[in-house]
Structures are given as C-alpha cells and as structure tokens.
Amino acid sequence: MRRQVAALLWRAVLAAVLVCGIGLLPWLARTDPARTVLKARSAERDATPEVLAAVRAQLGLDAGPAHLLGQWLSGLWRGDAGRSWISGSEVMPDVLRALGASLLLMTVALLAAALTAALVCARTLHLGARRRLGGRRAAGTGSAVLAALPEFLLASVLATVVAVQWGWLPALGWYGPRWTVLPALALGLPAGAVLGRLLDDLLPGAFAEPWARSATARGIPGRRVARQAVRRCLPALLPNLGLFVVGLTGGAVAVEQVFDIPGLGRTTLQAALAQDLPVLQAGTLALVLLAALVTPACRLAARLLTGPALRDGALSTLHRQPPPARRVQPFAHGAVLATVVVLGLARDPLALDTAQRLQPPSLTHPFGTDALGRDMLARVGHGAFDTLLLALGISAATLCIGVLLGLVPRLSGALVDTVNAVPPVLAALLVTAAVGSGTTTPALAVTAVAWTALAAHTSALLLQERATQHLAATKGLGAGRRYLLWRHLLPAVLPPVVRHALLRLPGIALALASLGFLGLGAQPPSPEWGLLLAENQPYAERAPWAVLAPAAALALLGALSVTAAGGPGRPGRERGRGRGTRGASGPERPEGLEGPASAGKPDGTQDGDRLVEAR
C-alpha cells in the first residue's frame with residue numbers, strides 16, 4: 001500500500017511541476033506575454049505602450065505569474081479552466097472537443113497500426129507455427145523503411161494522391177468517419193512498423209519455449225500456437241503501446257495541420273506559439289491525465305496476460321543468442337548511402353540557378369533541383385554529416401538515459417508517463433526557456449523527450465526477465481544482485497533495446513528538423529535532411545523528386561540501422577554449455593559456486609528429451 005501511495009504522490013508532484021513550469025513559461029523565456037498575445041490577436045495592430053498596458057490589465061499580468069497560476073488552479077475544482085487569452089472563449093469546452101477529435105483519430109490510427117504490425121510479423125508467425133524458423137533472421141528492411149518515413153510526408157502524399165488526384169476520400173476537415181481514414185493511415189503505418197518490429201524481435205524466443213515445443217508435439221494446430229506466442233510477447237510490448245496512445249493523441253501535430261483536424265495536438269501547438277497559457281495548461285493537463293489512465297491500464301493488462309508466472313518466477317527467457325549476422329544487406333545499404341554522400345560532396349549545395357527551378361532528375365542533376373534551382377544531390381550529400389552525426393549522438397544519449405532509468409522502474413515509471421505527455425513543441429519551448437536559444441537547444445529538446453520509449457521498453461523486458469526460471473535457479477546457487485545484473489539481466493535486455501534505439505534513429509533526425517519551424521533547429525540554407533523535407537513539401541505535387549530524395553535518404557538510414565544491428569536469434573540446435581555460460585532456459589552457474597548439476601533445468605526437460613528433440 002505504501003508503494004502505491006508513494007507512486008501516486010510522485011506522479012502528482014511531477015504533474016504539478018509540469019503545469020507550474022508551463023504557467024511560468026513566458027517569464028522563464030524572458031518574453032512579454034502581452035506582446036505575444038497582441039500579435040496573435042491582431043498582427044497588424046501596433047504594440048504601443050498604451051495598447052500593451054491595456055492587454056496586461058485585461059489578462060491580469062501585472063499581478064504576476066504566481067497569482068495567475070493560483071487563480072487558474074482554483075477554478076479547476078469547479079470545472080473552470082479559464083478563458084482563452086486569444087479568443088476569449090471558455091477553455092474547457094474547446095479542450096474537450098479537441099481531445100475527443102484526437103481520441104477518435106488515435107483509435108482509428110491504432111487499428112491501422114495493429115494491421116501493419118500483423119503484416120510485419122506475418123512471416124515469423126507463419127514459420128514459427130510450422131516450426132520452420134531454423135536460423136533465419138527477421139526480415140526487416142521493408143518495415144524499417146516504413147518506420148523511417150515521416151508522418152507529415154505520408155500525410156501529404158495520401159492527401160495529394162488518394163484525396164486530390166484519385167478522389168477516393170476527402171482531404172480536409174473533420175466531419176465524419178470518412179475523414180478519419182487518411183490521417184489515421186499517416187499516423188498508424190509508421191507506428192505499426194515500429195510495434196511490429198518490436199513484436200517480431202520477441203516472437204522467436206516465444207516459439208522456442210518448452211510449451212511451444214510440447215504443443216507442437218501433441219498435434220495442437222499451429223494457429224493456436226502462434227496466437228499463444230503473440231500473447232506471450234504482448235506483456236513486454238504493452239508499455240510501449242501505452243506511450244503510443246498518448247503520443248498519437250497529443251503529438252499528431254503535423255498530420256492535424258495537413259488535414260485541418262481540430263485536434264489536441266494542433267490546439268496545444270497554437271497555444272504554445274501564442275503563449276495562450278490557459279489553453280496550453282488545460283491541454284497539457286488533459287494529456288497528463290490521459291497518460292495517468294492509459295499507462296497503468298497497460299501495465300495491469302500485461303500482468304493479467306502473464307498471470308501467476310510473473311509472481312512465481314516461472315517464465316522462460318525470450319532472449320536468444322543470435323546467429324552470425326548477415327553482412328550483405330548492411331553493406332549494400334551502407335554502400336548506396338556512402339555513394340550518394342560522396343557524389344553529393346563534389347557539388348555545391350548553395351549554388352542558385354533560378355532558370356533550373358524544380359527540374360526533374362537528369363544526367364546534370366541526378367536528384368533534380370529544388371525551388372531555387374539548387375542541386376538536390378549536393379544538398380543531400382552535404383546534409384548527411386549534420387544529420388547523421390547529431391542524430392547518432394542524440395540516439396546514444398537517449399539509449400544510455402533510457403536504459404539507466406529503465407533499470408529503476410519505481411522511479412522512472414511516473415517520469416516516463418509525464419514526459420511522454422508533453423507535446424514536442426512544448427518541450428522545445430521549455431528547454432529554450434531553461435537554457436536559452438543556441439546550437440545545442442534542439443539536441444537538448446529532442447533528448448529530453450526521446451528517451452521515454454527506450455526506458456519503458458527496458459522496464460518491461462526487465463520485469464519479464466526477473467521472473468524467469470533460470471534467474472531463480474541462479475539465485476538459488478548463491479548469485480548476488482550485481483552478478484545477476486551484469487551476467488543475466490543486461491545481456492537479455494540490451495540487444496532488443498539497442499535495436500529499438502536504432503529503429504528510431506531516422507525519427508530523431510526528423511524531430512530535429514521539426515524544431516526549425518520554431519527557430520530552434522536548422523535554418524535555411526542549411527542542407528539538413530529534415531529541413532530539406534520541410535522546405536520542399538509545398539512542391540511535392542509538382543516536383544516529387546525534391547521530397548523523395550531526402551525521404552529516401554532517411555529511409556535508407558533506417559534500413560541501414562536495423563540491418564546493421566541484426567535481428568533476433570532464431571531457435572536452432574542447442575549447443576553444449578560450458579562452465580560460466582547460460583543457455584536459452586538454463587541458469588548460469590556462477591564461478592566458484594557449488595550446486596547440483598541438475599539445477600540448470602528449470603524448464604522441466606530432461607537430457608533424454610533434449611537428445612530426442614535434437615535428433
């Protein structure tokens with residue numbers, strides 16, 4: 001009971017700190033909120049001292065941020081979140097309408113993500129149900145490319161092709177179920193690719209567990225075995241699914257802008273840029289409350305799916321030693337990417353030729369030209385260094401932070417939920433207010449929020465691994481906590497989390513580019529890849545090559561990251577285990593510890609069974 005009370009208090013403290021930080025945002029950023037509000041109300045009106053004084057008196061800014069925050073909090077108990085500083089309308093009804101639109105969009109997007117994840121895992125499920133996985137690796141190039149595609153690019157392509165050119169579905173507005181299909185696909189396809197990769201990473205271990213082998217030997221249909229394998233892997237995936245629910249609700253800003261959807265992400269973006277504090281505070285609080293409901297529900301579902309085995313330590317590890325990595329694919333992807341960079345470096349990325357605006361690919365310009373006549377091959381090649389080096393550095397930092405905090409889930413659980421509920425734009429503004437605007441601000445802003453998914457993944461895998469039979473047997477042999485951490489837990493948790501981090505590498509590059517719209521990230525004429533996408537997006541219909549060039553580079557980066565990291569190990573013939581090593585389900589005998597030789601068979605199998613199975 002004390003743990004639950006402490007967790008609730010910790011979550012409440014984090015939410016209070018976040019809301020108070022938002023309330024102090026204009027003063028922390030050392031900007032005049034009256035000037036920002038006046039500009040948002042009427043950009044043509046002059047900001048004279050008399051006009052600014054009238055705005056301050058109307059909003060009560062002279063009383064200070066503490067008075068404004070206390071007044072806003074006192075109204076929450078009555079269901080009153082104040083009035084918008086821009087429109088003057090009541091905040092609560094507007095935020096609830098925006099939340100309803102975002103929740104509906106998120107629900108349909110999750111359905112699209114589930115279908116996409118099923119397609120990504122279809123081959124592994126088909127082979128596992130028939131005991132034909134052998135030493136194969138997970139096929140991952142297609143899903144890695146799909147996961148690397150930016151959401152706003154998918155939204156633009158779907159709106160242009162499916163809605164405008166083909167006329168199958170509406171492109172703009174929010175008037176009924178037909179208006180949810182295209183934005184849900186734009187959000188659900190990349191999210192489903194990421195979730196499918198994570199699930200496909202765990203399935204081989206589930207198919208290699210004793211229950212799966214016994215079920216196959218007893219003639220149970222392969223479909224039932226496959227369904228149970230998915231159920232076995234879901235507990236390690238559900239915490240990340242909870243993060244996706246909150247992220248798709250409040251972070252779908254680009255898709256909501258493209259399709260003109262009055263969602264919560266768009267509402268909070270407009271409020272953050274205009275410093276409309278009542279709307280911004282209410283929208284953020286709604287996301288925090290949503291995270292407080294969704295994440296515990298996902299964790300409870302994970303515990304219910306696992307059952308008593310989690311409490312009794314009766315699980316088998318899903319970690320498998322991978323076979324020798326295939327080097328053909330990463331070398332091929334790396335060679336193509338290196339060739340593009342080398343050829344681009346030989347050209348001038350800033351040379352203007354207005355007579356060659358938006359020219360298609362040719363021998364002179366293999367990737368075509370942009371709206372100013374600049375060579376796209378040169379810009380992609382020169383932008384590789386800024387994009388790759390900064391994205392790699394941020395990915396390494398988020399991996400370290402995510403793993404370290406994921407190892408202490410009691411501390412990081414509520415922190416992950418709260419940070420994940422913060423819209424990326426608001427995170428950037430808070431970081432800017434804290435450390436100021438500079439060259440390191442975009443990297444700090446992305447790092448501040450990008451570690452949450454890795455921490456949740458680490459905690460989920462750690463919870464499963466701590467309940468395994470071989471770990472309980474190793475404890476019985478006298479192993480200490482440090483020994484278990486370095487020789488059992490980290491080797492089982494790190495490989496899938498590292499692959500998860502590499503899968504998100506292109507997304508890190510795109511997150512950096514999105515901050516350029518706020519004046520915090522790369523600015524023109526920088527050839528940074530994400531900025532190239534943003535600059536050329538308005539010309540996607542007329543000159544698609546200007547968008548496809550940086551998008552293809554990002555997709556190639558995602559494919560290279562995933563194939564270079566390798567896939568999950570496939571169960572094959574078991575090899576002999578020497579002293580100080582651990583098999584798939586047996587405990588490792590710590591050096592210097594004595595114990596019976598038979599203590600390493602917690603899964604209930606005997607040597608004779610293993611010999612028969614090996615034959």
# chains A, B, ... in the order shown; residues from 1 in each chain; ligands from 1
call {"tool": "residues_around", "arguments": {"residues": "A:Ala427", "least_positions_apart": "3", "cutoff": "12 Å", "atoms": "only C-alpha atoms", "output": "ChimeraX atom specification"}}
result
/A:18,21-22,25,251,268-269,272,284,418-424,430-434,441-450,511,515,518,520
call {"tool": "residues_around", "arguments": {"residues": "A:Ala552", "least_positions_apart": "3", "cutoff": "10 Å", "atoms": "only C-alpha atoms", "output": "PDB file with all heavy atoms, in the first residue's frame"}}
result
ATOM      1  N   VAL A 145      12.139   0.768 -43.369  1.00  0.00           N
ATOM      2  CA  VAL A 145      11.897   1.895 -44.265  1.00  0.00           C
ATOM      3  C   VAL A 145      10.565   2.558 -43.932  1.00  0.00           C
ATOM      4  O   VAL A 145      10.461   3.789 -43.881  1.00  0.00           O
ATOM      5  CB  VAL A 145      11.924   1.420 -45.730  1.00  0.00           C
ATOM      6  CG1 VAL A 145      11.429   2.524 -46.661  1.00  0.00           C
ATOM      7  CG2 VAL A 145      13.326   0.990 -46.126  1.00  0.00           C
ATOM      8  N   ALA A 148      10.777   4.635 -40.892  1.00  0.00           N
ATOM      9  CA  ALA A 148      11.584   5.838 -41.048  1.00  0.00           C
ATOM     10  C   ALA A 148      10.873   6.945 -41.803  1.00  0.00           C
ATOM     11  O   ALA A 148      11.334   8.089 -41.790  1.00  0.00           O
ATOM     12  CB  ALA A 148      12.892   5.498 -41.770  1.00  0.00           C
ATOM     13  N   LEU A 149       9.760   6.634 -42.475  1.00  0.00           N
ATOM     14  CA  LEU A 149       9.066   7.658 -43.244  1.00  0.00           C
ATOM     15  C   LEU A 149       8.406   8.671 -42.309  1.00  0.00           C
ATOM     16  O   LEU A 149       7.732   8.292 -41.352  1.00  0.00           O
ATOM     17  CB  LEU A 149       8.010   7.026 -44.147  1.00  0.00           C
ATOM     18  CG  LEU A 149       8.540   6.196 -45.319  1.00  0.00           C
ATOM     19  CD1 LEU A 149       7.382   5.610 -46.101  1.00  0.00           C
ATOM     20  CD2 LEU A 149       9.428   7.028 -46.222  1.00  0.00           C
ATOM     21  N   LEU A 337      24.349   4.501 -49.534  1.00  0.00           N
ATOM     22  CA  LEU A 337      24.329   5.770 -48.820  1.00  0.00           C
ATOM     23  C   LEU A 337      25.656   6.497 -48.956  1.00  0.00           C
ATOM     24  O   LEU A 337      25.702   7.718 -49.177  1.00  0.00           O
ATOM     25  CB  LEU A 337      23.999   5.522 -47.345  1.00  0.00           C
ATOM     26  CG  LEU A 337      23.737   6.755 -46.480  1.00  0.00           C
ATOM     27  CD1 LEU A 337      22.564   7.551 -47.033  1.00  0.00           C
ATOM     28  CD2 LEU A 337      23.457   6.344 -45.040  1.00  0.00           C
ATOM     29  N   TRP A 545      10.329  14.698 -56.768  1.00  0.00           N
ATOM     30  CA  TRP A 545      11.721  14.290 -56.545  1.00  0.00           C
ATOM     31  C   TRP A 545      12.406  15.140 -55.471  1.00  0.00           C
ATOM     32  O   TRP A 545      13.304  14.656 -54.797  1.00  0.00           O
ATOM     33  CB  TRP A 545      12.493  14.392 -57.854  1.00  0.00           C
ATOM     34  CG  TRP A 545      12.354  15.718 -58.539  1.00  0.00           C
ATOM     35  CD1 TRP A 545      13.063  16.850 -58.313  1.00  0.00           C
ATOM     36  CD2 TRP A 545      11.391  16.046 -59.537  1.00  0.00           C
ATOM     37  NE1 TRP A 545      12.624  17.874 -59.105  1.00  0.00           N
ATOM     38  CE2 TRP A 545      11.604  17.417 -59.881  1.00  0.00           C
ATOM     39  CE3 TRP A 545      10.387  15.343 -60.190  1.00  0.00           C
ATOM     40  CZ2 TRP A 545      10.837  18.075 -60.833  1.00  0.00           C
ATOM     41  CZ3 TRP A 545       9.633  15.995 -61.142  1.00  0.00           C
ATOM     42  CH2 TRP A 545       9.855  17.340 -61.464  1.00  0.00           C
ATOM     43  N   VAL A 547      11.182  16.019 -52.719  1.00  0.00           N
ATOM     44  CA  VAL A 547      10.832  15.447 -51.419  1.00  0.00           C
ATOM     45  C   VAL A 547      11.337  14.013 -51.304  1.00  0.00           C
ATOM     46  O   VAL A 547      11.772  13.574 -50.240  1.00  0.00           O
ATOM     47  CB  VAL A 547       9.303  15.502 -51.206  1.00  0.00           C
ATOM     48  CG1 VAL A 547       8.910  14.813 -49.911  1.00  0.00           C
ATOM     49  CG2 VAL A 547       8.821  16.934 -51.206  1.00  0.00           C
ATOM     50  N   LEU A 548      11.290  13.280 -52.400  1.00  0.00           N
ATOM     51  CA  LEU A 548      11.685  11.875 -52.359  1.00  0.00           C
ATOM     52  C   LEU A 548      13.180  11.702 -52.095  1.00  0.00           C
ATOM     53  O   LEU A 548      13.580  10.705 -51.493  1.00  0.00           O
ATOM     54  CB  LEU A 548      11.318  11.198 -53.684  1.00  0.00           C
ATOM     55  CG  LEU A 548       9.822  10.996 -53.946  1.00  0.00           C
ATOM     56  CD1 LEU A 548       9.596  10.366 -55.309  1.00  0.00           C
ATOM     57  CD2 LEU A 548       9.208  10.132 -52.854  1.00  0.00           C
ATOM     58  N   ALA A 549      14.007  12.642 -52.507  1.00  0.00           N
ATOM     59  CA  ALA A 549      15.451  12.490 -52.303  1.00  0.00           C
ATOM     60  C   ALA A 549      15.820  12.449 -50.819  1.00  0.00           C
ATOM     61  O   ALA A 549      16.447  11.487 -50.355  1.00  0.00           O
ATOM     62  CB  ALA A 549      16.195  13.613 -53.027  1.00  0.00           C
ATOM     63  N   ALA A 555      14.983   6.914 -45.219  1.00  0.00           N
ATOM     64  CA  ALA A 555      14.543   5.518 -45.236  1.00  0.00           C
ATOM     65  C   ALA A 555      15.738   4.579 -45.351  1.00  0.00           C
ATOM     66  O   ALA A 555      15.789   3.530 -44.702  1.00  0.00           O
ATOM     67  CB  ALA A 555      13.581   5.293 -46.397  1.00  0.00           C
ATOM     68  N   LEU A 556      16.721   4.955 -46.167  1.00  0.00           N
ATOM     69  CA  LEU A 556      17.932   4.146 -46.291  1.00  0.00           C
ATOM     70  C   LEU A 556      18.710   4.125 -44.984  1.00  0.00           C
ATOM     71  O   LEU A 556      19.290   3.095 -44.605  1.00  0.00           O
ATOM     72  CB  LEU A 556      18.794   4.694 -47.417  1.00  0.00           C
ATOM     73  CG  LEU A 556      19.971   3.834 -47.882  1.00  0.00           C
ATOM     74  CD1 LEU A 556      19.476   2.493 -48.405  1.00  0.00           C
ATOM     75  CD2 LEU A 556      20.766   4.561 -48.956  1.00  0.00           C
ATOM     76  N   LEU A 557      18.707   5.251 -44.284  1.00  0.00           N
ATOM     77  CA  LEU A 557      19.347   5.291 -42.962  1.00  0.00           C
ATOM     78  C   LEU A 557      18.655   4.341 -41.997  1.00  0.00           C
ATOM     79  O   LEU A 557      19.313   3.628 -41.227  1.00  0.00           O
ATOM     80  CB  LEU A 557      19.317   6.724 -42.427  1.00  0.00           C
ATOM     81  CG  LEU A 557      19.801   6.928 -40.986  1.00  0.00           C
ATOM     82  CD1 LEU A 557      21.266   6.521 -40.850  1.00  0.00           C
ATOM     83  CD2 LEU A 557      19.600   8.380 -40.557  1.00  0.00           C
ATOM     84  N   GLY A 558      17.311   4.309 -42.023  1.00  0.00           N
ATOM     85  CA  GLY A 558      16.595   3.382 -41.152  1.00  0.00           C
ATOM     86  C   GLY A 558      16.889   1.936 -41.488  1.00  0.00           C
ATOM     87  O   GLY A 558      17.101   1.104 -40.596  1.00  0.00           O
TER      88      GLY A 558
END
call {"tool": "closest_residue", "arguments": {"among": "A:Ala7, A:Leu289, A:Ile86, A:Ala54", "to": "A:Leu273", "atoms": "only C-alpha atoms"}}
result
A:Ile86
call {"tool": "residues_around", "arguments": {"residues": "stretch 381-390 of chain A", "least_positions_apart": "2", "cutoff": "6 Å", "atoms": "only C-alpha atoms", "output": "ChimeraX atom specification"}}
result
/A:341,344-345,378-379,392-393,527-529
call {"tool": "write_last_selection", "arguments": {"atoms": "C-alpha atoms", "output": "compact mmCIF listing (two decimals), in the first residue's frame"}}
result
# COMPACT_ATOMS: atom_id res chain seq x y z
CA VAL A 341 27.16 11.28 -49.97
CA GLY A 344 26.98 15.00 -53.41
CA LEU A 345 30.08 16.34 -51.68
CA ALA A 378 24.57 18.18 -53.49
CA ARG A 379 22.22 19.18 -50.69
CA LEU A 392 23.73 9.40 -33.72
CA GLY A 393 24.85 11.46 -30.73
CA PRO A 527 21.04 21.22 -46.19
CA GLU A 528 19.95 19.20 -43.16
CA TRP A 529 17.72 16.33 -44.38
call {"tool": "closest_residue", "arguments": {"among": "A:Ala428, A:Leu105, A:Leu305, A:Leu300", "to": "A:Leu182", "atoms": "only C-alpha atoms"}}
result
A:Leu105
call {"tool": "closest_atom_pairs", "arguments": {"of": "stretch 109-226 of chain A", "to": "stretch 484-497 of chain A", "cutoff": "10 Å", "atoms": "only C-alpha atoms", "output": "tab-separated table"}}
result
residue	atom	partner	partner_atom	distance
A:Arg197	CA	A:Pro496	CA	9.9
A:Leu198	CA	A:Pro496	CA	7.7
A:Asp201	CA	A:Pro496	CA	6.9
A:Leu202	CA	A:Pro496	CA	8.4
call {"tool": "closest_residue", "arguments": {"among": "A:Leu315, A:Leu111, A:Val161, A:Leu172", "to": "A:Trp211", "atoms": "only C-alpha atoms"}}
result
A:Leu315
call {"tool": "residues_around", "arguments": {"residues": "A:Leu76", "least_positions_apart": "4", "cutoff": "12 Å", "atoms": "only C-alpha atoms", "output": "ChimeraX atom specification"}}
result
/A:69-72,80-82,91-92,278,281-282,285-286
call {"tool": "write_last_selection", "arguments": {"atoms": "N, CA and C atoms", "output": "PDB file, in the first residue's frame"}}
result
ATOM      1  N   LEU A  69      -1.389  31.633 -11.843  1.00  0.00           N
ATOM      2  CA  LEU A  69      -1.414  30.185 -11.693  1.00  0.00           C
ATOM      3  C   LEU A  69      -2.371  29.760 -10.586  1.00  0.00           C
ATOM      4  N   GLY A  70      -2.343  30.468  -9.450  1.00  0.00           N
ATOM      5  CA  GLY A  70      -3.261  30.133  -8.370  1.00  0.00           C
ATOM      6  C   GLY A  70      -4.713  30.336  -8.760  1.00  0.00           C
ATOM      7  N   GLN A  71      -4.987  31.403  -9.510  1.00  0.00           N
ATOM      8  CA  GLN A  71      -6.353  31.649  -9.975  1.00  0.00           C
ATOM      9  C   GLN A  71      -6.815  30.542 -10.920  1.00  0.00           C
ATOM     10  N   TRP A  72      -5.918  30.092 -11.808  1.00  0.00           N
ATOM     11  CA  TRP A  72      -6.292  29.033 -12.737  1.00  0.00           C
ATOM     12  C   TRP A  72      -6.522  27.709 -12.015  1.00  0.00           C
ATOM     13  N   ASP A  80     -13.694  24.848 -14.227  1.00  0.00           N
ATOM     14  CA  ASP A  80     -13.469  26.067 -14.993  1.00  0.00           C
ATOM     15  C   ASP A  80     -11.967  26.213 -15.236  1.00  0.00           C
ATOM     16  N   ALA A  81     -11.546  26.109 -16.491  1.00  0.00           N
ATOM     17  CA  ALA A  81     -10.128  26.263 -16.843  1.00  0.00           C
ATOM     18  C   ALA A  81      -9.827  27.661 -17.359  1.00  0.00           C
ATOM     19  N   GLY A  82     -10.718  28.604 -17.097  1.00  0.00           N
ATOM     20  CA  GLY A  82     -10.473  29.981 -17.505  1.00  0.00           C
ATOM     21  C   GLY A  82     -10.932  30.244 -18.929  1.00  0.00           C
ATOM     22  N   VAL A  91     -12.201  27.792 -21.998  1.00  0.00           N
ATOM     23  CA  VAL A  91     -11.145  26.858 -22.386  1.00  0.00           C
ATOM     24  C   VAL A  91     -11.634  25.414 -22.314  1.00  0.00           C
ATOM     25  N   MET A  92     -12.359  25.057 -21.262  1.00  0.00           N
ATOM     26  CA  MET A  92     -12.699  23.663 -21.030  1.00  0.00           C
ATOM     27  C   MET A  92     -13.498  23.045 -22.181  1.00  0.00           C
ATOM     28  N   PRO A 278      -3.842  29.636 -20.500  1.00  0.00           N
ATOM     29  CA  PRO A 278      -4.960  28.798 -20.037  1.00  0.00           C
ATOM     30  C   PRO A 278      -5.221  27.608 -20.950  1.00  0.00           C
ATOM     31  N   GLN A 281      -2.132  25.127 -20.623  1.00  0.00           N
ATOM     32  CA  GLN A 281      -2.151  24.388 -19.360  1.00  0.00           C
ATOM     33  C   GLN A 281      -3.250  23.332 -19.359  1.00  0.00           C
ATOM     34  N   ALA A 282      -4.432  23.678 -19.844  1.00  0.00           N
ATOM     35  CA  ALA A 282      -5.533  22.709 -19.859  1.00  0.00           C
ATOM     36  C   ALA A 282      -5.238  21.559 -20.813  1.00  0.00           C
ATOM     37  N   LEU A 285      -2.548  19.337 -19.201  1.00  0.00           N
ATOM     38  CA  LEU A 285      -3.116  18.589 -18.082  1.00  0.00           C
ATOM     39  C   LEU A 285      -3.986  17.437 -18.579  1.00  0.00           C
ATOM     40  N   ALA A 286      -4.719  17.651 -19.669  1.00  0.00           N
ATOM     41  CA  ALA A 286      -5.530  16.564 -20.235  1.00  0.00           C
ATOM     42  C   ALA A 286      -4.644  15.417 -20.702  1.00  0.00           C
TER      43      ALA A 286
END
call {"tool": "residues_around", "arguments": {"residues": "A:Leu533", "least_positions_apart": "6", "cutoff": "8 Å", "atoms": "only C-alpha atoms", "output": "ChimeraX atom specification"}}
result
/A:153,546-547,550-551
call {"tool": "atom_distance", "arguments": {"atom1": "atom CA of A:Leu372", "atom2": "atom CA of A:Glu151"}}
result
25.2 Å
call {"tool": "residues_around", "arguments": {"residues": "stretch 308-311 of chain A", "least_positions_apart": "2", "cutoff": "10 Å", "atoms": "only C-alpha atoms", "output": "list in words"}}
result
Ala302, Arg303, Leu304, Leu305, Thr306, Gly313, Ala314, Leu315, Ser316, Leu463, Gln464, Glu465, Arg466, Ala467, Thr468 and Gln469 of chain A
call {"tool": "residues_around", "arguments": {"residues": "stretch 36-49 of chain A", "least_positions_apart": "5", "cutoff": "12 Å", "atoms": "only C-alpha atoms", "output": "list in words"}}
result
Pro26, Arg30, Thr31, Ala54, Val55, Arg56, Gln58, Leu59, Leu61, Ser84, Trp85, Ile86, Ser87, Gly88, Gln270, Ala271, Ala272, Leu273, Ala274, Gln275, Asp276 and Leu277 of chain A
call {"tool": "write_last_selection", "arguments": {"atoms": "N, CA, C and O atoms", "output": "mmCIF file, in the first residue's frame"}}
result
data_model
loop_
_atom_site.group_PDB
_atom_site.id
_atom_site.type_symbol
_atom_site.label_atom_id
_atom_site.label_comp_id
_atom_site.auth_asym_id
_atom_site.auth_seq_id
_atom_site.Cartn_x
_atom_site.Cartn_y
_atom_site.Cartn_z
ATOM 1 N N PRO A 26 6.288 32.175 -20.122
ATOM 2 C CA PRO A 26 6.688 33.479 -20.676
ATOM 3 C C PRO A 26 7.736 34.190 -19.840
ATOM 4 O O PRO A 26 8.634 34.852 -20.381
ATOM 5 N N ARG A 30 11.736 35.040 -20.642
ATOM 6 C CA ARG A 30 12.039 36.473 -20.634
ATOM 7 C C ARG A 30 11.424 37.184 -21.846
ATOM 8 O O ARG A 30 12.066 37.994 -22.519
ATOM 9 N N THR A 31 10.171 36.833 -22.118
ATOM 10 C CA THR A 31 9.416 37.499 -23.177
ATOM 11 C C THR A 31 8.210 38.196 -22.563
ATOM 12 O O THR A 31 7.790 37.881 -21.446
ATOM 13 N N ALA A 54 -3.049 47.963 -21.757
ATOM 14 C CA ALA A 54 -4.442 47.516 -21.741
ATOM 15 C C ALA A 54 -4.535 45.991 -21.783
ATOM 16 O O ALA A 54 -5.379 45.393 -21.093
ATOM 17 N N VAL A 55 -3.674 45.357 -22.552
ATOM 18 C CA VAL A 55 -3.667 43.889 -22.604
ATOM 19 C C VAL A 55 -3.252 43.319 -21.251
ATOM 20 O O VAL A 55 -3.855 42.340 -20.763
ATOM 21 N N ARG A 56 -2.235 43.888 -20.631
ATOM 22 C CA ARG A 56 -1.795 43.388 -19.318
ATOM 23 C C ARG A 56 -2.905 43.546 -18.280
ATOM 24 O O ARG A 56 -3.112 42.659 -17.449
ATOM 25 N N GLN A 58 -6.125 43.621 -18.857
ATOM 26 C CA GLN A 58 -7.215 42.702 -19.163
ATOM 27 C C GLN A 58 -6.900 41.283 -18.714
ATOM 28 O O GLN A 58 -7.770 40.573 -18.183
ATOM 29 N N LEU A 59 -5.657 40.854 -18.905
ATOM 30 C CA LEU A 59 -5.269 39.486 -18.554
ATOM 31 C C LEU A 59 -4.792 39.355 -17.114
ATOM 32 O O LEU A 59 -4.615 38.223 -16.637
ATOM 33 N N LEU A 61 -1.834 40.415 -15.968
ATOM 34 C CA LEU A 61 -0.418 40.057 -15.977
ATOM 35 C C LEU A 61 0.380 40.827 -14.933
ATOM 36 O O LEU A 61 1.433 40.351 -14.481
ATOM 37 N N SER A 84 -9.697 31.737 -22.869
ATOM 38 C CA SER A 84 -8.543 31.870 -23.745
ATOM 39 C C SER A 84 -8.092 33.323 -23.816
ATOM 40 O O SER A 84 -8.921 34.240 -23.922
ATOM 41 N N TRP A 85 -6.775 33.538 -23.754
ATOM 42 C CA TRP A 85 -6.241 34.888 -23.871
ATOM 43 C C TRP A 85 -6.374 35.421 -25.291
ATOM 44 O O TRP A 85 -6.294 36.639 -25.502
ATOM 45 N N ILE A 86 -6.572 34.561 -26.257
ATOM 46 C CA ILE A 86 -6.633 34.991 -27.658
ATOM 47 C C ILE A 86 -8.074 35.215 -28.096
ATOM 48 O O ILE A 86 -8.430 36.300 -28.567
ATOM 49 N N SER A 87 -8.909 34.195 -27.945
ATOM 50 C CA SER A 87 -10.293 34.292 -28.437
ATOM 51 C C SER A 87 -11.276 34.757 -27.381
ATOM 52 O O SER A 87 -12.374 35.231 -27.715
ATOM 53 N N GLY A 88 -10.956 34.603 -26.115
ATOM 54 C CA GLY A 88 -11.867 34.982 -25.045
ATOM 55 C C GLY A 88 -12.924 33.948 -24.740
ATOM 56 O O GLY A 88 -13.754 34.156 -23.847
ATOM 57 N N GLN A 270 -0.826 25.738 -31.294
ATOM 58 C CA GLN A 270 -1.219 27.130 -31.472
ATOM 59 C C GLN A 270 -1.156 27.899 -30.154
ATOM 60 O O GLN A 270 -0.728 29.061 -30.121
ATOM 61 N N ALA A 271 -1.555 27.243 -29.067
ATOM 62 C CA ALA A 271 -1.498 27.918 -27.765
ATOM 63 C C ALA A 271 -0.065 28.157 -27.320
ATOM 64 O O ALA A 271 0.242 29.194 -26.724
ATOM 65 N N ALA A 272 0.829 27.201 -27.611
ATOM 66 C CA ALA A 272 2.229 27.374 -27.214
ATOM 67 C C ALA A 272 2.880 28.504 -27.987
ATOM 68 O O ALA A 272 3.643 29.305 -27.422
ATOM 69 N N LEU A 273 2.612 28.599 -29.288
ATOM 70 C CA LEU A 273 3.221 29.654 -30.088
ATOM 71 C C LEU A 273 2.675 31.025 -29.715
ATOM 72 O O LEU A 273 3.403 32.017 -29.768
ATOM 73 N N ALA A 274 1.391 31.086 -29.341
ATOM 74 C CA ALA A 274 0.771 32.364 -28.965
ATOM 75 C C ALA A 274 0.880 32.655 -27.471
ATOM 76 O O ALA A 274 0.426 33.717 -27.037
ATOM 77 N N GLN A 275 1.458 31.725 -26.691
ATOM 78 C CA GLN A 275 1.568 31.849 -25.237
ATOM 79 C C GLN A 275 0.190 32.050 -24.601
ATOM 80 O O GLN A 275 0.021 32.841 -23.674
ATOM 81 N N ASP A 276 -0.784 31.309 -25.112
ATOM 82 C CA ASP A 276 -2.133 31.304 -24.540
ATOM 83 C C ASP A 276 -2.126 30.315 -23.376
ATOM 84 O O ASP A 276 -2.501 29.146 -23.514
ATOM 85 N N LEU A 277 -1.714 30.772 -22.210
ATOM 86 C CA LEU A 277 -1.430 29.879 -21.091
ATOM 87 C C LEU A 277 -2.639 29.078 -20.618
ATOM 88 O O LEU A 277 -2.499 27.882 -20.322
#
call {"tool": "closest_residue", "arguments": {"among": "A:Gly100, A:Gly64, A:Pro33, A:Pro239", "to": "A:Gly406", "atoms": "only C-alpha atoms"}}
result
A:Pro239
